[in-house]
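Colleague: Have a peek at work26.cif (mmCIF, C-alpha atoms).
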```
data_data
#
loop_
_atom_site.group_PDB
_atom_site.id
_atom_site.type_symbol
_atom_site.label_atom_id
_atom_site.label_comp_id
_atom_site.auth_asym_id
_atom_site.auth_seq_id
_atom_site.Cartn_x
_atom_site.Cartn_y
_atom_site.Cartn_z
ATOM 1 C CA GLU A 1 -26.720 -4.474 31.851
ATOM 2 C CA ARG A 2 -25.639 -4.735 28.241
ATOM 3 C CA THR A 3 -28.164 -5.333 25.515
ATOM 4 C CA VAL A 4 -28.106 -8.384 23.256
ATOM 5 C CA ALA A 5 -26.677 -6.258 20.437
ATOM 6 C CA GLU A 6 -23.869 -5.016 22.668
ATOM 7 C CA ARG A 7 -22.996 -8.529 23.813
ATOM 8 C CA THR A 8 -23.007 -9.749 20.218
ATOM 9 C CA ALA A 9 -20.729 -6.894 19.154
ATOM 10 C CA ALA A 10 -18.363 -7.636 22.056
ATOM 11 C CA ARG A 11 -18.166 -11.319 21.098
ATOM 12 C CA ALA A 12 -17.553 -10.410 17.477
ATOM 13 C CA ARG A 13 -14.760 -8.027 18.471
ATOM 14 C CA ALA A 14 -13.160 -10.680 20.690
ATOM 15 C CA ALA A 15 -13.367 -13.233 17.891
ATOM 16 C CA GLY A 16 -11.823 -10.747 15.465
ATOM 17 C CA LEU A 17 -8.943 -9.952 17.801
ATOM 18 C CA GLY A 18 -8.414 -13.672 18.368
ATOM 19 C CA ALA A 19 -8.235 -14.242 14.617
ATOM 20 C CA VAL A 20 -5.644 -11.482 14.301
ATOM 21 C CA ALA A 21 -3.593 -13.049 17.100
ATOM 22 C CA VAL A 22 -3.690 -16.437 15.348
ATOM 23 C CA THR A 23 -2.603 -14.768 12.103
ATOM 24 C CA VAL A 24 0.365 -13.143 13.864
ATOM 25 C CA VAL A 25 1.434 -16.494 15.354
ATOM 26 C CA ALA A 26 1.073 -18.182 11.953
ATOM 27 C CA ALA A 27 3.147 -15.442 10.314
ATOM 28 C CA LEU A 28 5.915 -15.914 12.879
ATOM 29 C CA LEU A 29 5.925 -19.679 12.320
ATOM 30 C CA HIS A 30 5.993 -19.041 8.570
ATOM 31 C CA LEU A 31 8.974 -16.741 8.980
ATOM 32 C CA GLY A 32 10.699 -19.355 11.112
ATOM 33 C CA ALA A 33 10.200 -21.945 8.362
ATOM 34 C CA LEU A 34 11.739 -19.604 5.789
ATOM 35 C CA ILE A 35 14.729 -18.886 8.027
ATOM 36 C CA ALA A 36 15.235 -22.600 8.661
ATOM 37 C CA ARG A 37 15.071 -23.306 4.922
ATOM 38 C CA GLY A 38 17.649 -20.598 4.247
ATOM 39 C CA VAL A 39 19.980 -21.890 6.958
ATOM 40 C CA ALA A 40 19.676 -25.450 5.629
ATOM 41 C CA ALA A 41 20.424 -24.296 2.078
ATOM 42 C CA ASP A 42 23.104 -21.781 3.159
ATOM 43 C CA ARG A 43 21.521 -19.154 0.909
ATOM 44 C CA MET A 44 18.411 -17.019 0.604
ATOM 45 C CA PRO A 45 15.374 -19.333 0.246
ATOM 46 C CA TRP A 46 14.357 -18.237 -3.246
ATOM 47 C CA GLY A 47 15.942 -20.891 -5.457
ATOM 48 C CA ASN A 48 12.844 -22.698 -6.769
ATOM 49 C CA MET A 49 9.047 -22.487 -7.017
ATOM 50 C CA TYR A 50 8.484 -23.994 -3.591
ATOM 51 C CA GLU A 51 10.671 -21.437 -1.851
ATOM 52 C CA PHE A 52 9.387 -18.578 -3.981
ATOM 53 C CA VAL A 53 5.729 -19.314 -3.182
ATOM 54 C CA LEU A 54 6.477 -19.641 0.532
ATOM 55 C CA THR A 55 8.253 -16.281 0.525
ATOM 56 C CA VAL A 56 5.619 -14.479 -1.543
ATOM 57 C CA SER A 57 2.825 -15.743 0.699
ATOM 58 C CA PHE A 58 4.756 -14.613 3.792
ATOM 59 C CA ILE A 59 5.226 -11.132 2.304
ATOM 60 C CA GLY A 60 1.490 -11.017 1.625
ATOM 61 C CA VAL A 61 0.608 -11.898 5.225
ATOM 62 C CA ALA A 62 3.221 -9.536 6.684
ATOM 63 C CA GLY A 63 1.920 -6.752 4.448
ATOM 64 C CA TRP A 64 -1.622 -7.488 5.596
ATOM 65 C CA LEU A 65 -0.609 -7.174 9.240
ATOM 66 C CA VAL A 66 0.905 -3.763 8.492
ATOM 67 C CA VAL A 67 -2.318 -2.706 6.723
ATOM 68 C CA LEU A 68 -4.341 -3.983 9.671
ATOM 69 C CA TRP A 69 -2.187 -2.017 12.104
ATOM 70 C CA LYS A 70 -2.770 1.142 10.063
ATOM 71 C CA ARG A 71 -6.442 0.472 9.225
ATOM 72 C CA PRO A 72 -8.037 -1.812 11.851
ATOM 73 C CA THR A 73 -11.482 -1.125 10.394
ATOM 74 C CA LEU A 74 -10.533 -3.407 7.475
ATOM 75 C CA ARG A 75 -10.148 -6.420 9.791
ATOM 76 C CA ARG A 76 -12.971 -8.412 8.211
ATOM 77 C CA LEU A 77 -11.011 -8.612 4.978
ATOM 78 C CA GLY A 78 -8.567 -10.857 6.828
ATOM 79 C CA LEU A 79 -10.794 -13.917 6.404
ATOM 80 C CA PHE A 80 -10.457 -13.786 2.624
ATOM 81 C CA LEU A 81 -6.777 -12.828 2.730
ATOM 82 C CA THR A 82 -5.814 -15.718 5.000
ATOM 83 C CA LEU A 83 -7.885 -18.126 2.899
ATOM 84 C CA VAL A 84 -5.892 -17.154 -0.203
ATOM 85 C CA MET A 85 -2.612 -17.507 1.679
ATOM 86 C CA MET A 86 -3.593 -20.924 3.051
ATOM 87 C CA LEU A 87 -4.378 -22.156 -0.454
ATOM 88 C CA LEU A 88 -0.990 -20.964 -1.703
ATOM 89 C CA VAL A 89 0.915 -22.522 1.179
ATOM 90 C CA ALA A 90 -1.011 -25.782 0.790
ATOM 91 C CA THR A 91 -0.175 -25.811 -2.927
ATOM 92 C CA ALA A 92 3.486 -25.257 -2.147
ATOM 93 C CA GLU A 93 3.625 -27.994 0.488
ATOM 94 C CA LEU A 94 1.564 -30.602 -1.369
ATOM 95 C CA LEU A 95 2.587 -30.027 -4.980
ATOM 96 C CA LEU A 96 5.763 -27.954 -5.161
ATOM 97 C CA TYR A 97 7.965 -29.232 -2.351
ATOM 98 C CA THR A 98 11.565 -29.999 -3.316
ATOM 99 C CA PRO A 99 14.506 -30.976 -1.088
ATOM 100 C CA VAL A 100 17.157 -28.400 -0.288
ATOM 101 C CA VAL A 101 19.614 -28.127 -3.181
ATOM 102 C CA PRO A 102 22.380 -25.656 -4.110
ATOM 103 C CA LEU A 103 21.641 -22.823 -6.513
ATOM 104 C CA VAL A 104 22.090 -23.522 -10.198
ATOM 105 C CA PRO A 105 25.313 -21.856 -11.454
ATOM 106 C CA ALA A 106 23.477 -19.070 -13.294
ATOM 107 C CA LEU A 107 21.988 -17.841 -9.999
ATOM 108 C CA ASN A 108 25.299 -17.542 -8.159
ATOM 109 C CA SER A 109 25.543 -13.773 -8.379
ATOM 110 C CA TYR A 110 24.947 -10.761 -6.149
ATOM 111 C CA TRP A 111 22.167 -9.896 -8.618
ATOM 112 C CA PHE A 112 20.325 -12.892 -7.212
ATOM 113 C CA ILE A 113 19.714 -10.915 -4.028
ATOM 114 C CA ILE A 114 18.862 -7.655 -5.793
ATOM 115 C CA HIS A 115 16.623 -8.990 -8.557
ATOM 116 C CA VAL A 116 14.874 -11.830 -6.770
ATOM 117 C CA ALA A 117 14.342 -9.896 -3.535
ATOM 118 C CA THR A 118 12.501 -7.114 -5.362
ATOM 119 C CA ILE A 119 10.505 -9.585 -7.481
ATOM 120 C CA VAL A 120 9.500 -11.536 -4.371
ATOM 121 C CA PHE A 121 8.543 -8.411 -2.451
ATOM 122 C CA SER A 122 6.538 -6.810 -5.255
ATOM 123 C CA SER A 123 4.806 -10.117 -6.044
ATOM 124 C CA GLY A 124 3.829 -10.479 -2.387
ATOM 125 C CA ILE A 125 2.287 -6.992 -2.363
ATOM 126 C CA PHE A 126 0.499 -7.694 -5.655
ATOM 127 C CA LEU A 127 -0.851 -10.863 -4.031
ATOM 128 C CA LEU A 128 -2.074 -8.805 -1.089
ATOM 129 C CA GLY A 129 -3.523 -6.200 -3.461
ATOM 130 C CA VAL A 130 -5.629 -8.614 -5.486
ATOM 131 C CA VAL A 131 -7.646 -9.586 -2.380
ATOM 132 C CA PRO A 132 -9.207 -6.130 -1.774
ATOM 133 C CA ALA A 133 -9.558 -5.782 -5.547
ATOM 134 C CA ALA A 134 -11.757 -8.898 -5.754
ATOM 135 C CA ALA A 135 -13.500 -7.918 -2.523
ATOM 136 C CA TYR A 136 -14.251 -4.463 -3.940
ATOM 137 C CA LEU A 137 -15.879 -5.915 -7.050
ATOM 138 C CA MET A 138 -18.145 -8.055 -4.857
ATOM 139 C CA ARG A 139 -18.876 -5.335 -2.311
ATOM 140 C CA ALA A 140 -19.636 -2.725 -4.981
ATOM 141 C CA GLY A 141 -22.178 -5.103 -6.502
ATOM 142 C CA TYR A 142 -23.703 -5.751 -3.069
ATOM 143 C CA GLU A 143 -24.020 -2.025 -2.386
ATOM 144 C CA GLN A 144 -25.801 -1.684 -5.732
ATOM 145 C CA GLY A 145 -28.441 -4.161 -4.570
ATOM 146 C CA ARG A 146 -27.154 -7.416 -6.030
ATOM 147 C CA ARG A 147 -27.886 -10.361 -3.756
ATOM 148 C CA SER A 148 -26.794 -13.340 -5.847
ATOM 149 C CA PHE A 149 -23.519 -15.257 -5.536
ATOM 150 C CA PRO A 150 -20.778 -14.029 -5.146
ATOM 151 C CA TYR A 151 -22.064 -10.620 -4.045
ATOM 152 C CA LEU A 152 -23.614 -12.042 -0.863
ATOM 153 C CA LEU A 153 -20.115 -12.957 0.298
ATOM 154 C CA ALA A 154 -19.444 -9.238 0.630
ATOM 155 C CA LYS A 155 -22.293 -8.579 3.063
ATOM 156 C CA ARG A 156 -19.978 -8.060 6.042
ATOM 157 C CA MET A 157 -16.980 -6.687 4.168
ATOM 158 C CA PRO A 158 -15.708 -3.125 4.604
ATOM 159 C CA ALA A 159 -17.228 -0.420 2.410
ATOM 160 C CA ALA A 160 -16.457 -0.613 -1.297
ATOM 161 C CA ALA A 161 -14.746 2.801 -1.313
ATOM 162 C CA ALA A 162 -12.285 1.698 1.389
ATOM 163 C CA LEU A 163 -11.493 -1.533 -0.455
ATOM 164 C CA GLU A 164 -10.939 0.284 -3.735
ATOM 165 C CA ARG A 165 -8.643 2.812 -2.084
ATOM 166 C CA LEU A 166 -6.599 0.045 -0.453
ATOM 167 C CA THR A 167 -6.291 -1.710 -3.813
ATOM 168 C CA PHE A 168 -4.878 1.425 -5.397
ATOM 169 C CA VAL A 169 -2.453 2.203 -2.553
ATOM 170 C CA LEU A 170 -0.984 -1.311 -2.572
ATOM 171 C CA HIS A 171 -0.512 -1.373 -6.344
ATOM 172 C CA ALA A 172 0.892 2.153 -6.476
ATOM 173 C CA PHE A 173 3.410 1.120 -3.809
ATOM 174 C CA SER A 174 4.395 -2.175 -5.450
ATOM 175 C CA PHE A 175 4.573 -1.129 -9.100
ATOM 176 C CA PRO A 176 7.812 0.936 -8.889
ATOM 177 C CA ILE A 177 9.485 -1.925 -7.012
ATOM 178 C CA PHE A 178 8.357 -4.376 -9.682
ATOM 179 C CA THR A 179 9.646 -1.999 -12.365
ATOM 180 C CA PHE A 180 13.060 -1.873 -10.680
ATOM 181 C CA ALA A 181 13.043 -5.688 -10.430
ATOM 182 C CA VAL A 182 12.493 -6.014 -14.188
ATOM 183 C CA ILE A 183 15.294 -3.525 -14.896
ATOM 184 C CA ALA A 184 17.625 -5.331 -12.468
ATOM 185 C CA GLY A 185 16.800 -8.602 -14.207
ATOM 186 C CA ALA A 186 17.769 -7.114 -17.558
ATOM 187 C CA ILE A 187 21.098 -5.905 -16.143
ATOM 188 C CA TRP A 188 21.735 -9.352 -14.662
ATOM 189 C CA ALA A 189 20.850 -11.001 -17.982
ATOM 190 C CA GLU A 190 23.389 -8.793 -19.750
ATOM 191 C CA ALA A 191 26.084 -9.895 -17.321
ATOM 192 C CA ALA A 192 25.098 -13.594 -17.329
ATOM 193 C CA TRP A 193 23.989 -14.226 -20.910
ATOM 194 C CA GLY A 194 25.394 -11.318 -22.905
ATOM 195 C CA ARG A 195 22.034 -9.727 -23.679
ATOM 196 C CA PRO A 196 19.638 -7.696 -21.518
ATOM 197 C CA TRP A 197 16.455 -9.041 -23.086
ATOM 198 C CA GLY A 198 15.746 -12.106 -25.192
ATOM 199 C CA TRP A 199 11.968 -12.655 -24.942
ATOM 200 C CA ASP A 200 12.510 -15.726 -22.807
ATOM 201 C CA PRO A 201 9.047 -16.906 -21.553
ATOM 202 C CA LYS A 202 9.591 -15.473 -18.066
ATOM 203 C CA GLU A 203 10.842 -12.180 -19.484
ATOM 204 C CA THR A 204 7.856 -12.017 -21.816
ATOM 205 C CA TRP A 205 5.332 -12.612 -19.048
ATOM 206 C CA ALA A 206 7.081 -10.154 -16.754
ATOM 207 C CA PHE A 207 6.663 -7.570 -19.502
ATOM 208 C CA ILE A 208 2.990 -8.508 -19.901
ATOM 209 C CA SER A 209 2.469 -8.103 -16.147
ATOM 210 C CA TRP A 210 4.205 -4.727 -16.222
ATOM 211 C CA VAL A 211 1.980 -3.506 -19.072
ATOM 212 C CA VAL A 212 -1.226 -4.681 -17.372
ATOM 213 C CA TYR A 213 -0.337 -3.104 -14.031
ATOM 214 C CA ALA A 214 0.706 0.115 -15.748
ATOM 215 C CA GLY A 215 -2.654 0.014 -17.512
ATOM 216 C CA TYR A 216 -4.420 -0.387 -14.175
ATOM 217 C CA LEU A 217 -2.662 2.603 -12.614
ATOM 218 C CA HIS A 218 -3.332 4.705 -15.707
ATOM 219 C CA ALA A 219 -6.989 3.690 -15.758
ATOM 220 C CA ARG A 220 -7.292 4.389 -12.030
ATOM 221 C CA ALA A 221 -5.920 7.906 -12.581
ATOM 222 C CA THR A 222 -8.283 8.590 -15.505
ATOM 223 C CA PRO A 223 -11.586 10.110 -14.295
ATOM 224 C CA SER A 224 -13.550 8.812 -17.286
ATOM 225 C CA VAL A 225 -12.697 5.171 -16.504
ATOM 226 C CA ARG A 226 -15.068 3.511 -14.050
ATOM 227 C CA ARG A 227 -13.442 2.183 -10.898
ATOM 228 C CA ASN A 228 -14.717 -1.357 -11.401
ATOM 229 C CA VAL A 229 -13.206 -1.445 -14.912
ATOM 230 C CA ALA A 230 -9.831 -0.312 -13.555
ATOM 231 C CA THR A 231 -10.039 -2.846 -10.734
ATOM 232 C CA TRP A 232 -10.600 -5.693 -13.184
ATOM 233 C CA LEU A 233 -7.225 -4.744 -14.687
ATOM 234 C CA ALA A 234 -5.636 -5.213 -11.258
ATOM 235 C CA VAL A 235 -7.160 -8.693 -11.057
ATOM 236 C CA LEU A 236 -5.964 -9.462 -14.583
ATOM 237 C CA GLY A 237 -2.486 -8.271 -13.618
ATOM 238 C CA PHE A 238 -2.260 -10.816 -10.840
ATOM 239 C CA LEU A 239 -3.449 -13.576 -13.162
ATOM 240 C CA THR A 240 -0.445 -12.760 -15.359
ATOM 241 C CA VAL A 241 1.793 -12.987 -12.276
ATOM 242 C CA LEU A 242 0.371 -16.441 -11.537
ATOM 243 C CA MET A 243 0.968 -17.433 -15.149
ATOM 244 C CA ASN A 244 4.587 -16.324 -14.859
ATOM 245 C CA LEU A 245 5.062 -18.195 -11.598
ATOM 246 C CA PHE A 246 3.227 -21.445 -12.350
ATOM 247 C CA GLY A 247 2.467 -21.622 -16.056
ATOM 248 C CA VAL A 248 5.896 -20.640 -17.348
ATOM 249 C CA ASN A 249 7.704 -22.985 -14.958
ATOM 250 C CA ILE A 250 5.414 -25.923 -15.752
ATOM 251 C CA PHE A 251 4.642 -25.558 -19.455
ATOM 252 C CA PHE A 252 7.619 -23.723 -20.952
ATOM 253 C CA GLU A 253 11.351 -24.267 -21.218
ATOM 254 C CA GLY A 254 13.737 -21.352 -21.063
ATOM 255 C CA LEU A 255 16.733 -19.797 -19.378
ATOM 256 C CA HIS A 256 14.644 -19.146 -16.280
ATOM 257 C CA SER A 257 13.573 -22.776 -15.726
ATOM 258 C CA TYR A 258 14.410 -22.930 -12.036
ATOM 259 C CA GLY A 259 11.088 -24.272 -10.777
ATOM 260 C CA GLY A 260 12.611 -27.372 -9.236
ATOM 261 C CA LEU A 261 9.825 -29.609 -10.530
ATOM 262 C CA ASP A 262 10.481 -32.920 -12.227
#
```
As structure tokens, please, write out the structure in this file.
Modeller:
Amino acid sequence: ERTVAERTAARARAAGLGAVAVTVVAALLHLGALIARGVAADRMPWGNMYEFVLTVSFIGVAGWLVVLWKRPTLRRLGLFLTLVMMLLVATAELLLYTPVVPLVPALNSYWFIIHVATIVFSSGIFLLGVVPAAAYLMRAGYEQGRRSFPYLLAKRMPAAAALERLTFVLHAFSFPIFTFAVIAGAIWAEAAWGRPWGWDPKETWAFISWVVYAGYLHARATPSVRRNVATWLAVLGFLTVLMNLFGVNIFFEGLHSYGGLD
């Protein structure tokens, strides 16, 4: 007969596997919504903020499922990851929704696929990467004996070392793709506007994001820099991505004003 601890562990494992199954179903439904949006628009569904956020959040979830397949011991991180994704999708549906419309003339180019696809993909991986980064900062504090909020949230999280390593791997993977996306954007700008770079608000914030993420990777590779200091740079990097996505589209006017908001 199994002990109470064994029965509890079995129930926890079943609940965890059930949560993963629900996440897979949700990801498939999410993908179906993106495909339907693209079919309705007769283009890739990346033409405004609403579509961009839906795609980035899908990339984040899909990336998480790949991580989970490779590292099932990190399953408990899924609660925080899915919470972040739900907040983003809710924001898109409640605040950013726009009807299907054709692309603005400036986006009718094959560079639309090249540039936006790489920006979307790298942004989705950065979104995925910021979750273990924040979780690491909480878990590291918990392992050091801190029991106040928010460190108590990390009680059942994976070990801090595993979270920190995942943070680095995701950012090291995404950063070259993001770099290519910025370069592709400059080439597209030269073809569309006659100059590769003009310090448009979106270009400026993309450059800021690139510098911060480069700083994170450099700090992570420097033995004298503490891991929590480097990880804060990863969190800061994603805040700049959010500023570029939401802040620039809402508060600034420029050549990249394709948010679709009134």
Colleague: Applied to this file, what does the PyMOL selection byres ((chain A and resi 67) around 12) return in terms of residues, put as a list in words?
Modeller: Gly60, Val61, Ala62, Gly63, Trp64, Leu65, Val66, Leu68, Trp69, Lys70, Arg71, Pro72, Thr73, Leu74, Arg75, Leu77, Gly78, Leu81, Ile125, Leu128, Gly129, Pro132, Leu163, Leu166, Thr167, Val169 and Leu170 of chain A
Colleague: Neighbouring residues of range 38-43 of chain A were defined as those with any atom within 9 Å, considering only C-alpha atoms; residues of the same chain fewer than 5 positions away were excluded. Please report them as a list in words.
Modeller: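 Contacts, with the query itself left out: Ala33, Val100, Val101, Pro102 and Leu103 of chain A.
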Colleague: Could you write out as a PyMOL selection string the residues that the PyMOL selection byres ((chain A and resi 187) around 12) matches in the shown file?
Modeller: chain A and resi 109-112+114-115+180-186+188-197
Colleague: Using the chain letters and residue numbers of this document, give as number ranges by chain the residues selected by the PyMOL selection byres ((chain A and resi 46-50) around 8).
Modeller: A: 44-45, 51-55, 92-93, 96-98, 103, 116, 245-246, 258-261
Colleague: By how many Å are CA of Leu34 in chain A and CA of Ala117 in chain A apart?
Modeller: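 Distance reported for this atom pair: 13.7 Å.
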Colleague: Give me the residues within 8 Å of Tyr136 in chain A as a PyMOL selection string, counting only C-alpha atoms and dropping any in the same chain fewer than 5 places off.
Modeller: chain A and resi 160-161+163-164
Colleague: With all atoms listed in the file as the basis for distance, which of A:Asn249, A:Thr179, A:Thr231, A:Thr82 is at the shortest distance from Val130 in chain A?
Modeller: A:Thr231
Colleague: With 8 Å of padding per side, what axis-aligned box (centre and edge lengths, Å, one decimal) covers all the listed atoms of range 235-245 of chain A? Give it as JSON.
Modeller:
```
{"center_x": -1.0, "center_y": -13.2, "center_z": -13.1, "size_x": 28.2, "size_y": 25.9, "size_z": 20.5}
```
Colleague: Using all atoms listed in the file, tabulate the residues of range 74-183 of chain A lying at most 8 Å from any atom of range 205-222 of chain A, each with its closest atom pair and that distance in Å to one decimal, by chain and increasing residue number, as JSON lines.
Modeller:
```
{"residue": "A:Phe168", "atom": "CA", "partner": "A:Leu217", "partner_atom": "CA", "distance": 7.6}
{"residue": "A:His171", "atom": "CA", "partner": "A:Leu217", "partner_atom": "CA", "distance": 7.7}
{"residue": "A:Ala172", "atom": "CA", "partner": "A:Leu217", "partner_atom": "CA", "distance": 7.1}
{"residue": "A:Phe175", "atom": "CA", "partner": "A:Tyr213", "partner_atom": "CA", "distance": 7.2}
{"residue": "A:Phe178", "atom": "CA", "partner": "A:Trp210", "partner_atom": "CA", "distance": 7.8}
{"residue": "A:Thr179", "atom": "CA", "partner": "A:Trp210", "partner_atom": "CA", "distance": 7.2}
{"residue": "A:Val182", "atom": "CA", "partner": "A:Ala206", "partner_atom": "CA", "distance": 7.3}
```
Colleague: Measure the distance from CA of Ala162 in chain A to CA of Asn228 in chain A in Å and round it to one decimal.
Modeller: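 Atom-to-atom, CA of Ala162 in chain A to CA of Asn228 in chain A, that is 13.4 Å.
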Colleague: Go through A:Pro150, A:Ala230, A:Pro176, A:Val241 one by one, measure the shortest atom-to-atom distance of each to Gly124 in chain A using only C-alpha atoms, and give the residue with the smallest value.
Modeller: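 Among the listed residues, the smallest separation from Gly124 in chain A belongs to A:Val241.
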Colleague: Suppose you want the space between CA of Ala135 in chain A and CA of Phe80 in chain A; what is it in Å?
Modeller: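 Here the two named atoms are 8.4 Å from each other.
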Colleague: Between A:Val229, A:Val120, A:Leu87, A:Val56, which residue has the minimum interatomic distance to Leu137 in chain A, considering all atoms listed in the file?
Modeller: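 That would be A:Val229, the residue with the smallest distance to Leu137 in chain A.
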Colleague: Step by step: locate range 45-68 of chain A in the block above, keep N, CA and C atoms, then write the file as a compact mmCIF listing (two decimals), in the first residue's frame.
Modeller:
```txt
# COMPACT_ATOMS: atom_id res chain seq x y z
N PRO A 45 -0.68 37.19 -40.35
CA PRO A 45 -1.40 37.98 -39.33
C PRO A 45 -0.47 38.78 -38.42
N TRP A 46 0.24 39.72 -39.03
CA TRP A 46 1.19 40.54 -38.26
C TRP A 46 1.03 42.02 -38.58
N GLY A 47 -0.14 42.45 -38.99
CA GLY A 47 -0.28 43.81 -39.53
C GLY A 47 -0.55 44.89 -38.52
N ASN A 48 -0.84 44.54 -37.25
CA ASN A 48 -1.14 45.55 -36.24
C ASN A 48 -0.80 44.99 -34.86
N MET A 49 -1.00 45.81 -33.82
CA MET A 49 -0.64 45.39 -32.46
C MET A 49 -1.39 44.14 -32.03
N TYR A 50 -2.66 44.10 -32.33
CA TYR A 50 -3.48 42.95 -31.93
C TYR A 50 -2.90 41.65 -32.48
N GLU A 51 -2.62 41.63 -33.76
CA GLU A 51 -2.09 40.43 -34.39
C GLU A 51 -0.68 40.12 -33.91
N PHE A 52 0.10 41.17 -33.70
CA PHE A 52 1.48 40.97 -33.25
C PHE A 52 1.51 40.33 -31.87
N VAL A 53 0.69 40.85 -30.95
CA VAL A 53 0.66 40.31 -29.58
C VAL A 53 0.17 38.87 -29.58
N LEU A 54 -0.85 38.57 -30.39
CA LEU A 54 -1.33 37.19 -30.46
C LEU A 54 -0.24 36.25 -30.96
N THR A 55 0.53 36.70 -31.95
CA THR A 55 1.58 35.84 -32.50
C THR A 55 2.74 35.68 -31.53
N VAL A 56 3.15 36.77 -30.90
CA VAL A 56 4.25 36.70 -29.94
C VAL A 56 3.89 35.78 -28.78
N SER A 57 2.67 35.90 -28.26
CA SER A 57 2.27 35.04 -27.15
C SER A 57 2.20 33.58 -27.58
N PHE A 58 1.79 33.31 -28.82
CA PHE A 58 1.80 31.92 -29.30
C PHE A 58 3.22 31.39 -29.39
N ILE A 59 4.14 32.18 -29.91
CA ILE A 59 5.55 31.75 -29.99
C ILE A 59 6.07 31.44 -28.59
N GLY A 60 5.72 32.27 -27.62
CA GLY A 60 6.15 32.02 -26.25
C GLY A 60 5.65 30.70 -25.71
N VAL A 61 4.37 30.39 -25.93
CA VAL A 61 3.80 29.13 -25.45
C VAL A 61 4.41 27.95 -26.20
N ALA A 62 4.53 28.06 -27.53
CA ALA A 62 5.12 26.98 -28.31
C ALA A 62 6.56 26.72 -27.87
N GLY A 63 7.31 27.80 -27.63
CA GLY A 63 8.68 27.65 -27.14
C GLY A 63 8.71 26.96 -25.79
N TRP A 64 7.75 27.31 -24.92
CA TRP A 64 7.70 26.68 -23.61
C TRP A 64 7.43 25.18 -23.72
N LEU A 65 6.57 24.78 -24.63
CA LEU A 65 6.29 23.36 -24.80
C LEU A 65 7.53 22.61 -25.29
N VAL A 66 8.33 23.25 -26.12
CA VAL A 66 9.59 22.63 -26.55
C VAL A 66 10.54 22.49 -25.36
N VAL A 67 10.65 23.56 -24.55
CA VAL A 67 11.50 23.50 -23.35
C VAL A 67 11.02 22.39 -22.43
N LEU A 68 9.72 22.30 -22.25
CA LEU A 68 9.15 21.28 -21.36
C LEU A 68 9.43 19.87 -21.87
```
